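Presented below is the structure to which this report refers.
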Protein chains: 2
Amino acid sequence: MKDAYEKLQDQWKRIWAIKAAVNLFDWDVQTQEPARAGRVSAAISAELADCLRAAVVNPENRRLLQELKDGVTDPVQQANIRRMQRLYEDMDAVSSEENRALSELAAEAVSCWQQARKKDDYEEFCPILEKLIEAQKHVAAARRKAGESLYDTMLDGYEEGYTQKRLDSFFRTLKKELGPLLQEVISRGDTVPDGFLYQYYPIEKQREFARFLAKYIGFSFERGCMGESEHPFTVAIHNKDVRISDHYYEGALEPGIFSVIHEAGHGIYEQDIEDSVAGTVCGVDLSMGVHESQSRFYENIIGRSLSFWTPLYGKLQSAFPGQLGQVSLQQFVCAVNRVKPGPVRTEADELTYSFHIMIRYELEKRLIDGDIRPRELPKLWKELYQKYLGVSPGSMVEGVLQDIHWAQGSFGYFPSYALGNAMAAQLYHQMCRELDVEELLVRGRLSVIREYLKERVHRFGRQKSMDQILKDATNETLEPKYYIDYLKEKYAHG
Amino acid sequence: MKDAYEKLQDQWKRIWAIKAAVNLFDWDVQTQEPARAGRVSAAISAELADCLRAAVVNPENRRLLQELKDGVTDPVQQANIRRMQRLYEDMDAVSSEENRALSELAAEAVSCWQQARKKDDYEEFCPILEKLIEAQKHVAAARRKAGESLYDTMLDGYEEGYTQKRLDSFFRTLKKELGPLLQEVISRGDTVPDGFLYQYYPIEKQREFARFLAKYIGFSFERGCMGESEHPFTVAIHNKDVRISDHYYEGALEPGIFSVIHEAGHGIYEQDIEDSVAGTVCGVDLSMGVHESQSRFYENIIGRSLSFWTPLYGKLQSAFPGQLGQVSLQQFVCAVNRVKPGPVRTEADELTYSFHIMIRYELEKRLIDGDIRPRELPKLWKELYQKYLGVSPGSMVEGVLQDIHWAQGSFGYFPSYALGNAMAAQLYHQMCRELDVEELLVRGRLSVIREYLKERVHRFGRQKSMDQILKDATNETLEPKYYIDYLKEKYAHG
């Protein structure tokens with residue numbers, strides 16, 4: 001006779017399988033689905049989303065969760081029950097009909113956003129953005145817990161425990177410390193030669209090198225594969241089937257190279273979830289902040305360092321002898337670390353990146369509070385970019401239409417990027433006290449770094465919160481000072 | 001307020017989406033899934049199969065089907081209700097637990113079959129084959145209708161209305177007519193030079209040409225895509241997303257070329273289902289006989305003809321100038337139509353192909369009847385191959401272990417291939433009365449042929465049975481004489 005917890009696990013298996021199907025569709029749509037399939041596939045996805053809801057919200061699960069509410073003492077079981085309870089509540093707050101309507105609205109909005117981008121016309125996107133905001137506020141109102149603002153509820157959906165109050169303080173600190181640093185760097189006016197990064201780089205060669213890089217940092221091709229898509233991304237079907245995609249530009253080397261390190265960082269995290277966790281409620285829907293900490297740790301902290309490229313640069317030169325044969329290792333590393341304020345988040349360097357997030361944070365917070373209206377966005381966007389970065393977007397596509405997140409209805413997601421950066425720096429600080437990271441990089445011993453992260457971060461999946469992972473690994477919850485120190489050390493004094 | 005039929009359609013949408021997910025997993029497993037993913041993916045597939053069963057077999061569907069049993073007059077609605085009723089009954093006959101056990105047994109058997117092939121050891125596979133037969137007989141017993149034998153029930157699962165009695169007669173006719181023809185061809189002892197087909201053919205070039213061929217015969221890459229797998233296959237996620245795969249051999253040209261024509265034939269059929277049918281119960285699980293009729297029509301009747309290659313051969317020569325530059329069009333067409341009895345079904349020519357099917361038909365019929373036991377198969381296999389084709393398999397892999405079908409628990413499937421061949425010839429006979437097929441082929445006007453088939457066969461999906469399609473298109477139900485005549489005309493008199 002199965003006990004209630006075992007029965008809940010059986011229920012979970014069904015949910016898990018449907019989630020895997022949803023994720024596989026997500027991968028497929030972006031990497032190989034034929035052009036004309038879109039509308040029908042969207043209908044299938046909406047059905048699967050409803051199917052998923054039905055697998056979560058049903059009398060059996062309600063009964064089991066009620067029965068398991070108290071009395072379970074095993075911490076792993078507790079964590080699983082808590083996550084399942086949360087999943088249940090979040091889905092129960094939105095009816096099947098509303099859920100479908102939301103999916104359809106988001107699909108329509110993404111398509112409208114794509115059209116608007118083609119015409120560089122924000123006006124075309126604005127009305128549906130209004131609708132999206134209202135719909136998401138409606139969902140948040142149904143999910144909201146006592147004392148939360150609507151935006152708090154949204155934030156909590158992406159990063160548990162990170163409220164507006166806490167993020168206000170976090171971003172205030174970043175702004176106070178990084179603002180002057182950025183001004184200092186800009187006023188130094190160093191010009192870093194980077195023209196060699198913008199030559200003809202054959203895509204076949206880039207593809208080969210990207211594959212090599214993913215493997216080099218530790219992404220397993222026995223438990224994963226690589227594809228190509230418009231925007232690089234990572235998706236885990238399960239921990240033995242993790243997929244990363246990249247996008248290559250014929251005229252630029254940097255995006256393809258650093259995107260693959262970024263995505264492989266995400267991928268390694270998913271591959272390293274312990275088998276005993278992977279099939280449980282805590283094996284999926286990992287914290288986005290922790291996820292970004294891993295991807296950006298690999299991409300930036302390690303991936304743009306001199307030590308990392310020391311054993312690798314010769315290989316890169318051999319792949320592109322005409323383009324890089326005359327460029328030294330130092331010149332290459334300088335170029336990929338240049339600071340240059342610009343209007344586009346995904347092209348931002350490490351120092352300016354947080355300002356892109358702050359602008360979005362400030363705007364979406366006010367949008368949800370009802371303090372500003374979508375039609376004011378272009379003006380406010382421009383003002384904030386001018387204020388923080390001293391640049392103006394040359395178009396809507398370079399401005400308020402650049403990110404897909406809001407079109408997908410994802411409000412409260414952007415802060416995860418900044419939290420991830422800070423977490424990465426905090427982990428790195430601790431790692432340097434325990435390991436000779438530079439030496440490991442120079443000797444190409446990436447597996448030691450991966451093992452370190454696996455032991456402290458990856459293997460737990462979502463059994464631990466971001467704060468708990470940091471507390472256990474570094475003796476502190478998230479502290480922005482490590483990130484600030486890291487950036488100061490890297491960029492101050494030229 | 002929705003009526004019962006509309007409610008049934010809503011229920012169907014859920015089933016349809018889960019089926020799409022199952023199909024996508026099927027595609028994925030064979031074309032790109034990472035090596036280590038297998039076991040976990042099998043667990044996901046088993047969950048989705050159970051999920052599918054739950055979406056079909058439930059009180060709501062039972063109630064709706066009961067309500068709709070009488071009184072519906074629209075023939076399209078009738079066809080959908082009838083198919084749904086059948087689906088319900090088939091799934092209801094197997095409990096959720098049995099369904100899971102069957103999936104697991106089949107997965108285990110396929111894996112065992114793969115291992116057994118590696119060692120060329122039938123003994124290793126034999127015990128699980130026994131179990132599979134018992135399990136499938138158990139399922140058939142639960143599904144069986146009055147007056148059916150167990151094997152009848154299995155056959156009906158693949159081709160409605162085709163009983164053992166009817167197939168006995170069908171194969172008897174084939175054997176009687178084709179046996180002497182084959183003996184005649186063999187005794188003529190013509191030697192057709194075909195060595196040029198077995199040279200080094202670079203895979204990249206084959207891939208390119210295969211893609212061209214698929215498009216040439218009418219497969220749409222806007223509504224489909226191509227991949228690579230160990231065994232070529234076709235899967236439809238829906239009619240706007242149909243996928244075909246191919247397999248290339250460095251040392252042989254023929255398999256890659258003719259497999260793609262075969263699979264594109266399957267693919268065109270799925271792409272051509274009318275939109276109004278595609279989203280309904282009759283838009284999926286098409287008749288395997290009709291499917292094979294389309295694939296084999298394109299592959300053999302058209303694809304191996306002189307007229308087909310007349311406008312194309314120059315292009316093939318340009319792709320492989322070193323290999324085919326000195327080979328004439330006539331030599332090429334002769335070579336790909338040579339008759340040569342061999343032990344392997346998938347490498348068989350058109351004339352010997354039916355004998356491969358007859359052997360399997362005879363054996364599986366007796367296996368299900370309990371007349372023979374799996375351990376006797378190797379001996380009987382050898383005897384029948386000697387008797388019908390005058391050849392002996394050199395190994396188990398070339399013999400009884402060559403096909404995956406039985407390992408998957410698919411008994412009653414093989415006859416579909418023969419039915420498909422016969423149907424293709426019957427359609428072709430009629431087509432030639434209405435169109436100048438040779439002229440169309442020589443002029444590369446494949447779209448006219450596709451339209452002809454779309455109008456008469458493809459667009460209906462499963463709204464019509466194989467017999468009904470043939471009756472409406474040719475004024476007769478399936479008649480083997482057209483197939484026999486076609487083969488006689490092609491192969492008699494050298």
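Chain identifiers are assigned as A, B, and so on, following the order in which chains appear in the structure tokens; residues are numbered from 1 within each chain, and ligands are numbered from 1 in order of appearance.
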_Near-Thr153 of chain A list (9 Å; only C-alpha atoms; drop same-chain fewer than 4 positions) as an MDAnalysis selection string_ = chainID A and resid 140:141 143:145 148:149 157 163 412
Please identify all residues of chain A having at least one atom at most 9 Å from any atom of chain B, considering only C-alpha atoms, and return them as an mmCIF file with N, CA, C and O atoms, in the first residue's frame.
data_model
loop_
_atom_site.group_PDB
_atom_site.id
_atom_site.type_symbol
_atom_site.label_atom_id
_atom_site.label_comp_id
_atom_site.auth_asym_id
_atom_site.auth_seq_id
_atom_site.Cartn_x
_atom_site.Cartn_y
_atom_site.Cartn_z
ATOM 1 N N LYS A 13 4.886 12.351 -11.393
ATOM 2 C CA LYS A 13 5.439 11.741 -12.608
ATOM 3 C C LYS A 13 4.640 12.178 -13.840
ATOM 4 O O LYS A 13 5.193 12.419 -14.903
ATOM 5 N N ARG A 14 3.325 12.228 -13.692
ATOM 6 C CA ARG A 14 2.481 12.673 -14.795
ATOM 7 C C ARG A 14 2.773 14.133 -15.163
ATOM 8 O O ARG A 14 2.948 14.486 -16.330
ATOM 9 N N TRP A 16 5.425 15.826 -14.528
ATOM 10 C CA TRP A 16 6.800 15.870 -15.022
ATOM 11 C C TRP A 16 6.862 15.509 -16.507
ATOM 12 O O TRP A 16 7.549 16.158 -17.302
ATOM 13 N N ALA A 17 6.110 14.465 -16.890
ATOM 14 C CA ALA A 17 6.119 14.032 -18.293
ATOM 15 C C ALA A 17 5.504 15.107 -19.191
ATOM 16 O O ALA A 17 6.003 15.371 -20.289
ATOM 17 N N ILE A 18 4.434 15.728 -18.731
ATOM 18 C CA ILE A 18 3.810 16.771 -19.558
ATOM 19 C C ILE A 18 4.734 17.986 -19.661
ATOM 20 O O ILE A 18 4.873 18.593 -20.722
ATOM 21 N N ALA A 20 7.913 17.869 -19.609
ATOM 22 C CA ALA A 20 8.970 17.477 -20.545
ATOM 23 C C ALA A 20 8.479 17.674 -21.981
ATOM 24 O O ALA A 20 9.216 18.160 -22.842
ATOM 25 N N ALA A 21 7.224 17.322 -22.236
ATOM 26 C CA ALA A 21 6.658 17.492 -23.574
ATOM 27 C C ALA A 21 6.588 18.977 -23.939
ATOM 28 O O ALA A 21 6.930 19.379 -25.053
ATOM 29 N N VAL A 22 6.160 19.790 -22.986
ATOM 30 C CA VAL A 22 6.086 21.237 -23.223
ATOM 31 C C VAL A 22 7.477 21.777 -23.548
ATOM 32 O O VAL A 22 7.663 22.559 -24.481
ATOM 33 N N LEU A 24 10.026 20.095 -24.735
ATOM 34 C CA LEU A 24 10.493 19.598 -26.024
ATOM 35 C C LEU A 24 9.880 20.415 -27.167
ATOM 36 O O LEU A 24 10.562 20.757 -28.132
ATOM 37 N N PHE A 25 8.606 20.758 -27.032
ATOM 38 C CA PHE A 25 7.978 21.622 -28.043
ATOM 39 C C PHE A 25 8.679 22.970 -28.109
ATOM 40 O O PHE A 25 8.902 23.529 -29.183
ATOM 41 N N ASP A 28 11.829 22.564 -29.926
ATOM 42 C CA ASP A 28 11.560 22.253 -31.315
ATOM 43 C C ASP A 28 11.115 23.479 -32.106
ATOM 44 O O ASP A 28 11.585 23.723 -33.213
ATOM 45 N N GLN A 32 13.824 23.839 -35.022
ATOM 46 C CA GLN A 32 13.630 23.174 -36.302
ATOM 47 C C GLN A 32 12.233 23.159 -36.871
ATOM 48 O O GLN A 32 12.035 22.702 -37.983
ATOM 49 N N GLU A 33 11.274 23.630 -36.145
ATOM 50 C CA GLU A 33 9.901 23.563 -36.637
ATOM 51 C C GLU A 33 9.744 24.276 -37.978
ATOM 52 O O GLU A 33 10.253 25.368 -38.164
ATOM 53 N N PRO A 34 9.000 23.650 -38.912
ATOM 54 C CA PRO A 34 8.790 24.307 -40.203
ATOM 55 C C PRO A 34 8.010 25.616 -40.075
ATOM 56 O O PRO A 34 7.229 25.796 -39.135
ATOM 57 N N ALA A 35 8.220 26.486 -41.064
ATOM 58 C CA ALA A 35 7.680 27.843 -41.010
ATOM 59 C C ALA A 35 6.164 27.896 -40.820
ATOM 60 O O ALA A 35 5.654 28.715 -40.070
ATOM 61 N N ARG A 36 5.462 27.022 -41.515
ATOM 62 C CA ARG A 36 4.009 27.138 -41.513
ATOM 63 C C ARG A 36 3.341 26.459 -40.319
ATOM 64 O O ARG A 36 2.117 26.472 -40.180
ATOM 65 N N ALA A 37 4.140 25.840 -39.457
ATOM 66 C CA ALA A 37 3.562 25.047 -38.363
ATOM 67 C C ALA A 37 3.034 25.895 -37.217
ATOM 68 O O ALA A 37 2.197 25.447 -36.436
ATOM 69 N N GLY A 38 3.512 27.142 -37.133
ATOM 70 C CA GLY A 38 3.309 27.981 -35.960
ATOM 71 C C GLY A 38 1.930 27.969 -35.306
ATOM 72 O O GLY A 38 1.798 27.664 -34.132
ATOM 73 N N VAL A 40 -0.736 26.053 -35.606
ATOM 74 C CA VAL A 40 -1.221 24.769 -35.093
ATOM 75 C C VAL A 40 -0.415 24.368 -33.861
ATOM 76 O O VAL A 40 -0.968 23.890 -32.866
ATOM 77 N N SER A 41 0.884 24.588 -33.932
ATOM 78 C CA SER A 41 1.712 24.242 -32.776
ATOM 79 C C SER A 41 1.325 25.067 -31.559
ATOM 80 O O SER A 41 1.370 24.578 -30.429
ATOM 81 N N ALA A 43 -1.644 26.031 -30.853
ATOM 82 C CA ALA A 43 -2.859 25.396 -30.333
ATOM 83 C C ALA A 43 -2.506 24.145 -29.526
ATOM 84 O O ALA A 43 -3.091 23.888 -28.471
ATOM 85 N N ILE A 44 -1.542 23.381 -30.010
ATOM 86 C CA ILE A 44 -1.106 22.192 -29.271
ATOM 87 C C ILE A 44 -0.512 22.608 -27.924
ATOM 88 O O ILE A 44 -0.815 22.023 -26.886
ATOM 89 N N SER A 45 0.327 23.638 -27.956
ATOM 90 C CA SER A 45 0.940 24.103 -26.711
ATOM 91 C C SER A 45 -0.109 24.553 -25.705
ATOM 92 O O SER A 45 0.007 24.285 -24.508
ATOM 93 N N ALA A 46 -1.140 25.251 -26.187
ATOM 94 C CA ALA A 46 -2.201 25.705 -25.280
ATOM 95 C C ALA A 46 -2.914 24.503 -24.666
ATOM 96 O O ALA A 46 -3.225 24.486 -23.472
ATOM 97 N N GLU A 47 -3.147 23.472 -25.483
ATOM 98 C CA GLU A 47 -3.784 22.250 -24.971
ATOM 99 C C GLU A 47 -2.910 21.570 -23.926
ATOM 100 O O GLU A 47 -3.388 21.107 -22.890
ATOM 101 N N LEU A 48 -1.611 21.512 -24.228
ATOM 102 C CA LEU A 48 -0.704 20.860 -23.271
ATOM 103 C C LEU A 48 -0.623 21.651 -21.964
ATOM 104 O O LEU A 48 -0.526 21.073 -20.882
ATOM 105 N N ASP A 50 -3.011 23.317 -20.671
ATOM 106 C CA ASP A 50 -4.248 23.019 -19.955
ATOM 107 C C ASP A 50 -4.195 21.611 -19.354
ATOM 108 O O ASP A 50 -4.672 21.362 -18.243
ATOM 109 N N CYS A 51 -3.600 20.732 -20.109
ATOM 110 C CA CYS A 51 -3.383 19.358 -19.673
ATOM 111 C C CYS A 51 -2.500 19.348 -18.418
ATOM 112 O O CYS A 51 -2.749 18.615 -17.462
ATOM 113 N N PHE A 221 27.947 16.008 -24.026
ATOM 114 C CA PHE A 221 27.166 15.717 -25.236
ATOM 115 C C PHE A 221 26.563 14.313 -25.193
ATOM 116 O O PHE A 221 25.853 13.914 -26.098
ATOM 117 N N GLU A 222 26.878 13.585 -24.127
ATOM 118 C CA GLU A 222 26.194 12.302 -23.918
ATOM 119 C C GLU A 222 24.856 12.538 -23.252
ATOM 120 O O GLU A 222 23.982 11.685 -23.266
ATOM 121 N N ARG A 223 24.750 13.660 -22.584
ATOM 122 C CA ARG A 223 23.528 13.991 -21.860
ATOM 123 C C ARG A 223 22.950 15.301 -22.352
ATOM 124 O O ARG A 223 22.238 16.000 -21.633
ATOM 125 N N GLY A 224 23.268 15.646 -23.577
ATOM 126 C CA GLY A 224 22.780 16.910 -24.102
ATOM 127 C C GLY A 224 23.120 17.034 -25.564
ATOM 128 O O GLY A 224 23.830 16.202 -26.125
ATOM 129 N N CYS A 225 22.581 18.049 -26.196
ATOM 130 C CA CYS A 225 22.947 18.301 -27.590
ATOM 131 C C CYS A 225 22.885 19.791 -27.867
ATOM 132 O O CYS A 225 22.452 20.583 -27.028
ATOM 133 N N ILE A 237 15.018 18.813 -21.011
ATOM 134 C CA ILE A 237 13.903 17.871 -21.067
ATOM 135 C C ILE A 237 13.941 17.089 -19.743
ATOM 136 O O ILE A 237 12.934 16.872 -19.099
ATOM 137 N N HIS A 238 15.147 16.677 -19.364
ATOM 138 C CA HIS A 238 15.427 16.153 -18.028
ATOM 139 C C HIS A 238 16.940 16.207 -17.853
ATOM 140 O O HIS A 238 17.645 16.661 -18.773
ATOM 141 N N ASN A 239 17.459 15.757 -16.726
ATOM 142 C CA ASN A 239 18.888 15.995 -16.476
ATOM 143 C C ASN A 239 19.827 15.174 -17.362
ATOM 144 O O ASN A 239 21.022 15.423 -17.392
ATOM 145 N N LYS A 240 19.275 14.232 -18.099
ATOM 146 C CA LYS A 240 20.108 13.474 -19.035
ATOM 147 C C LYS A 240 19.838 13.893 -20.480
ATOM 148 O O LYS A 240 20.267 13.228 -21.424
ATOM 149 N N ASP A 241 19.073 14.947 -20.630
ATOM 150 C CA ASP A 241 18.778 15.449 -21.969
ATOM 151 C C ASP A 241 18.595 16.960 -21.888
ATOM 152 O O ASP A 241 17.481 17.465 -21.788
ATOM 153 N N VAL A 242 19.736 17.639 -21.945
ATOM 154 C CA VAL A 242 19.744 19.093 -21.804
ATOM 155 C C VAL A 242 20.225 19.692 -23.124
ATOM 156 O O VAL A 242 21.202 19.224 -23.693
#
_Test item: residues at most 12 Å from Glu362 of chain A, only C-alpha atoms, excluding those fewer than 6 positions along its chain, as a list in words_ =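 The residues satisfying every condition are Tyr151, Gln164, Leu167, Asp168, Phe171, Arg172, Phe355, His356, Ile368, Asp369, Asp371, Ile372, Leu377, Leu380, Trp381, Leu384, Tyr385, Phe411, Gly412, Phe414 and Pro415 of chain A.
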_Neighbouring residues of Cys282 of chain B were defined as those with any atom within 7 Å, considering only C-alpha atoms; residues of the same chain fewer than 5 positions away were excluded. Please report them as a PyMOL selection string._
chain B and resi 80+83+277+461-463
Selected residues written out with N, CA, C and O atoms, as an mmCIF file, in the first residue's frame:
data_model
loop_
_atom_site.group_PDB
_atom_site.id
_atom_site.type_symbol
_atom_site.label_atom_id
_atom_site.label_comp_id
_atom_site.auth_asym_id
_atom_site.auth_seq_id
_atom_site.Cartn_x
_atom_site.Cartn_y
_atom_site.Cartn_z
ATOM 1 N N ASN B 80 -16.153 10.606 -37.670
ATOM 2 C CA ASN B 80 -15.376 10.979 -36.486
ATOM 3 C C ASN B 80 -15.848 10.244 -35.240
ATOM 4 O O ASN B 80 -15.032 9.785 -34.433
ATOM 5 N N ARG B 83 -14.687 6.607 -35.386
ATOM 6 C CA ARG B 83 -13.268 6.456 -35.077
ATOM 7 C C ARG B 83 -13.008 6.644 -33.575
ATOM 8 O O ARG B 83 -12.208 5.946 -32.975
ATOM 9 N N VAL B 277 -10.068 18.414 -41.917
ATOM 10 C CA VAL B 277 -9.990 17.032 -41.442
ATOM 11 C C VAL B 277 -8.845 16.879 -40.426
ATOM 12 O O VAL B 277 -8.930 16.102 -39.479
ATOM 13 N N GLY B 461 -7.851 11.986 -45.199
ATOM 14 C CA GLY B 461 -7.339 11.395 -43.965
ATOM 15 C C GLY B 461 -7.998 10.046 -43.782
ATOM 16 O O GLY B 461 -8.068 9.247 -44.711
ATOM 17 N N ARG B 462 -8.541 9.817 -42.606
ATOM 18 C CA ARG B 462 -9.143 8.519 -42.339
ATOM 19 C C ARG B 462 -10.671 8.557 -42.436
ATOM 20 O O ARG B 462 -11.357 7.662 -41.913
ATOM 21 N N GLN B 463 -11.194 9.596 -43.064
ATOM 22 C CA GLN B 463 -12.653 9.634 -43.228
ATOM 23 C C GLN B 463 -13.140 8.482 -44.100
ATOM 24 O O GLN B 463 -14.274 8.053 -44.006
#
Would you mind listing what lies within 9 Å of Gln430 of chain A as a PDB file with all heavy atoms, in the first residue's frame, with only C-alpha atoms counted and same-chain residues fewer than 4 positions away left out?
ATOM      1  N   ALA A 425      29.405  36.481  -8.587  1.00  0.00           N
ATOM      2  CA  ALA A 425      30.590  37.124  -8.014  1.00  0.00           C
ATOM      3  C   ALA A 425      30.825  36.654  -6.584  1.00  0.00           C
ATOM      4  O   ALA A 425      31.970  36.459  -6.158  1.00  0.00           O
ATOM      5  CB  ALA A 425      30.434  38.644  -8.074  1.00  0.00           C
ATOM      6  N   GLN A 426      29.743  36.466  -5.842  1.00  0.00           N
ATOM      7  CA  GLN A 426      29.860  36.021  -4.456  1.00  0.00           C
ATOM      8  C   GLN A 426      30.417  34.583  -4.397  1.00  0.00           C
ATOM      9  O   GLN A 426      31.299  34.282  -3.589  1.00  0.00           O
ATOM     10  CB  GLN A 426      28.494  36.098  -3.777  1.00  0.00           C
ATOM     11  CG  GLN A 426      28.515  35.854  -2.287  1.00  0.00           C
ATOM     12  CD  GLN A 426      27.217  36.297  -1.613  1.00  0.00           C
ATOM     13  OE1 GLN A 426      26.511  37.155  -2.146  1.00  0.00           O
ATOM     14  NE2 GLN A 426      26.912  35.730  -0.452  1.00  0.00           N
ATOM     15  N   GLU A 434      39.169  29.008  -1.820  1.00  0.00           N
ATOM     16  CA  GLU A 434      39.342  27.563  -1.657  1.00  0.00           C
ATOM     17  C   GLU A 434      40.152  26.914  -2.780  1.00  0.00           C
ATOM     18  O   GLU A 434      40.726  25.846  -2.603  1.00  0.00           O
ATOM     19  CB  GLU A 434      37.963  26.886  -1.572  1.00  0.00           C
ATOM     20  CG  GLU A 434      37.126  27.361  -0.387  1.00  0.00           C
ATOM     21  CD  GLU A 434      35.752  26.710  -0.353  1.00  0.00           C
ATOM     22  OE1 GLU A 434      35.663  25.484  -0.562  1.00  0.00           O
ATOM     23  OE2 GLU A 434      34.758  27.434  -0.140  1.00  0.00           O
ATOM     24  N   LEU A 435      40.143  27.555  -3.935  1.00  0.00           N
ATOM     25  CA  LEU A 435      40.842  26.982  -5.088  1.00  0.00           C
ATOM     26  C   LEU A 435      41.728  28.033  -5.742  1.00  0.00           C
ATOM     27  O   LEU A 435      41.433  29.230  -5.677  1.00  0.00           O
ATOM     28  CB  LEU A 435      39.832  26.516  -6.151  1.00  0.00           C
ATOM     29  CG  LEU A 435      38.781  25.468  -5.815  1.00  0.00           C
ATOM     30  CD1 LEU A 435      37.829  25.309  -7.004  1.00  0.00           C
ATOM     31  CD2 LEU A 435      39.440  24.137  -5.476  1.00  0.00           C
ATOM     32  N   ALA A 473      27.170  27.906   1.000  1.00  0.00           N
ATOM     33  CA  ALA A 473      28.434  27.915   0.246  1.00  0.00           C
ATOM     34  C   ALA A 473      29.355  29.046   0.682  1.00  0.00           C
ATOM     35  O   ALA A 473      30.579  28.915   0.620  1.00  0.00           O
ATOM     36  CB  ALA A 473      28.152  28.029  -1.252  1.00  0.00           C
ATOM     37  N   THR A 474      28.756  30.166   1.119  1.00  0.00           N
ATOM     38  CA  THR A 474      29.601  31.352   1.393  1.00  0.00           C
ATOM     39  C   THR A 474      29.363  31.950   2.782  1.00  0.00           C
ATOM     40  O   THR A 474      29.934  32.997   3.099  1.00  0.00           O
ATOM     41  CB  THR A 474      29.333  32.466   0.348  1.00  0.00           C
ATOM     42  OG1 THR A 474      28.036  33.043   0.602  1.00  0.00           O
ATOM     43  CG2 THR A 474      29.365  31.928  -1.075  1.00  0.00           C
TER      44      THR A 474
END
*Pull the strand (DSSP E) assignments for segment 212-322 of chain B out of DSSP run on the backbone, and list those residues as an MDAnalysis selection string.*
chainID B and resid 224:228 234:238 241:246
Next, the residues of the selection above should be written as an mmCIF file, in the first residue's frame with N, CA and C atoms.
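Wrote it out as out.cif, contents follow:
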data_model
loop_
_atom_site.group_PDB
_atom_site.id
_atom_site.type_symbol
_atom_site.label_atom_id
_atom_site.label_comp_id
_atom_site.auth_asym_id
_atom_site.auth_seq_id
_atom_site.Cartn_x
_atom_site.Cartn_y
_atom_site.Cartn_z
ATOM 1 N N GLY B 224 7.130 21.094 -43.345
ATOM 2 C CA GLY B 224 7.807 19.869 -42.968
ATOM 3 C C GLY B 224 9.300 20.100 -42.877
ATOM 4 N N CYS B 225 10.005 19.105 -42.393
ATOM 5 C CA CYS B 225 11.457 19.210 -42.380
ATOM 6 C C CYS B 225 12.059 17.814 -42.509
ATOM 7 N N MET B 226 13.357 17.778 -42.664
ATOM 8 C CA MET B 226 14.058 16.509 -42.866
ATOM 9 C C MET B 226 15.121 16.304 -41.807
ATOM 10 N N GLY B 227 15.308 15.073 -41.410
ATOM 11 C CA GLY B 227 16.361 14.751 -40.457
ATOM 12 C C GLY B 227 17.054 13.470 -40.853
ATOM 13 N N GLU B 228 17.894 12.969 -39.967
ATOM 14 C CA GLU B 228 18.593 11.713 -40.243
ATOM 15 C C GLU B 228 18.437 10.766 -39.063
ATOM 16 N N THR B 234 8.812 8.458 -41.188
ATOM 17 C CA THR B 234 8.026 9.684 -41.323
ATOM 18 C C THR B 234 7.166 9.845 -40.088
ATOM 19 N N VAL B 235 7.051 11.053 -39.604
ATOM 20 C CA VAL B 235 6.133 11.295 -38.493
ATOM 21 C C VAL B 235 5.433 12.630 -38.731
ATOM 22 N N ALA B 236 4.133 12.651 -38.453
ATOM 23 C CA ALA B 236 3.385 13.898 -38.601
ATOM 24 C C ALA B 236 3.036 14.419 -37.219
ATOM 25 N N ILE B 237 3.524 15.612 -36.904
ATOM 26 C CA ILE B 237 3.094 16.254 -35.660
ATOM 27 C C ILE B 237 1.666 16.769 -35.920
ATOM 28 N N HIS B 238 1.497 17.369 -37.069
ATOM 29 C CA HIS B 238 0.179 17.710 -37.616
ATOM 30 C C HIS B 238 0.389 17.988 -39.101
ATOM 31 N N ASP B 241 3.196 20.205 -40.108
ATOM 32 C CA ASP B 241 4.506 19.896 -39.541
ATOM 33 C C ASP B 241 4.751 18.394 -39.678
ATOM 34 N N VAL B 242 5.235 18.037 -40.851
ATOM 35 C CA VAL B 242 5.445 16.628 -41.172
ATOM 36 C C VAL B 242 6.947 16.415 -41.360
ATOM 37 N N ARG B 243 7.476 15.382 -40.746
ATOM 38 C CA ARG B 243 8.921 15.203 -40.763
ATOM 39 C C ARG B 243 9.327 13.869 -41.371
ATOM 40 N N ILE B 244 10.312 13.938 -42.217
ATOM 41 C CA ILE B 244 10.816 12.713 -42.823
ATOM 42 C C ILE B 244 12.301 12.592 -42.511
ATOM 43 N N SER B 245 12.755 11.377 -42.337
ATOM 44 C CA SER B 245 14.188 11.192 -42.090
ATOM 45 C C SER B 245 14.753 10.240 -43.134
ATOM 46 N N ASP B 246 16.052 10.316 -43.275
ATOM 47 C CA ASP B 246 16.738 9.472 -44.243
ATOM 48 C C ASP B 246 18.005 8.926 -43.581
#
*Excluding Asp190 of chain A and residues on its chain fewer than 2 positions from it, collect all residues at most 12 Å away from it, counting only C-alpha atoms, and give them as a PyMOL selection string.*
chain A and resi 184-188+192-193+334-335+338-340+491+493-494
*asked:* Give me, as a list of chain:residue names, all polymer residues having an atom no more than 6 Å from Gly265 of chain A, counting only C-alpha atoms and skipping those fewer than 5 positions away in the same chain.
replied: A:Gln294, A:Ser295, A:Tyr298
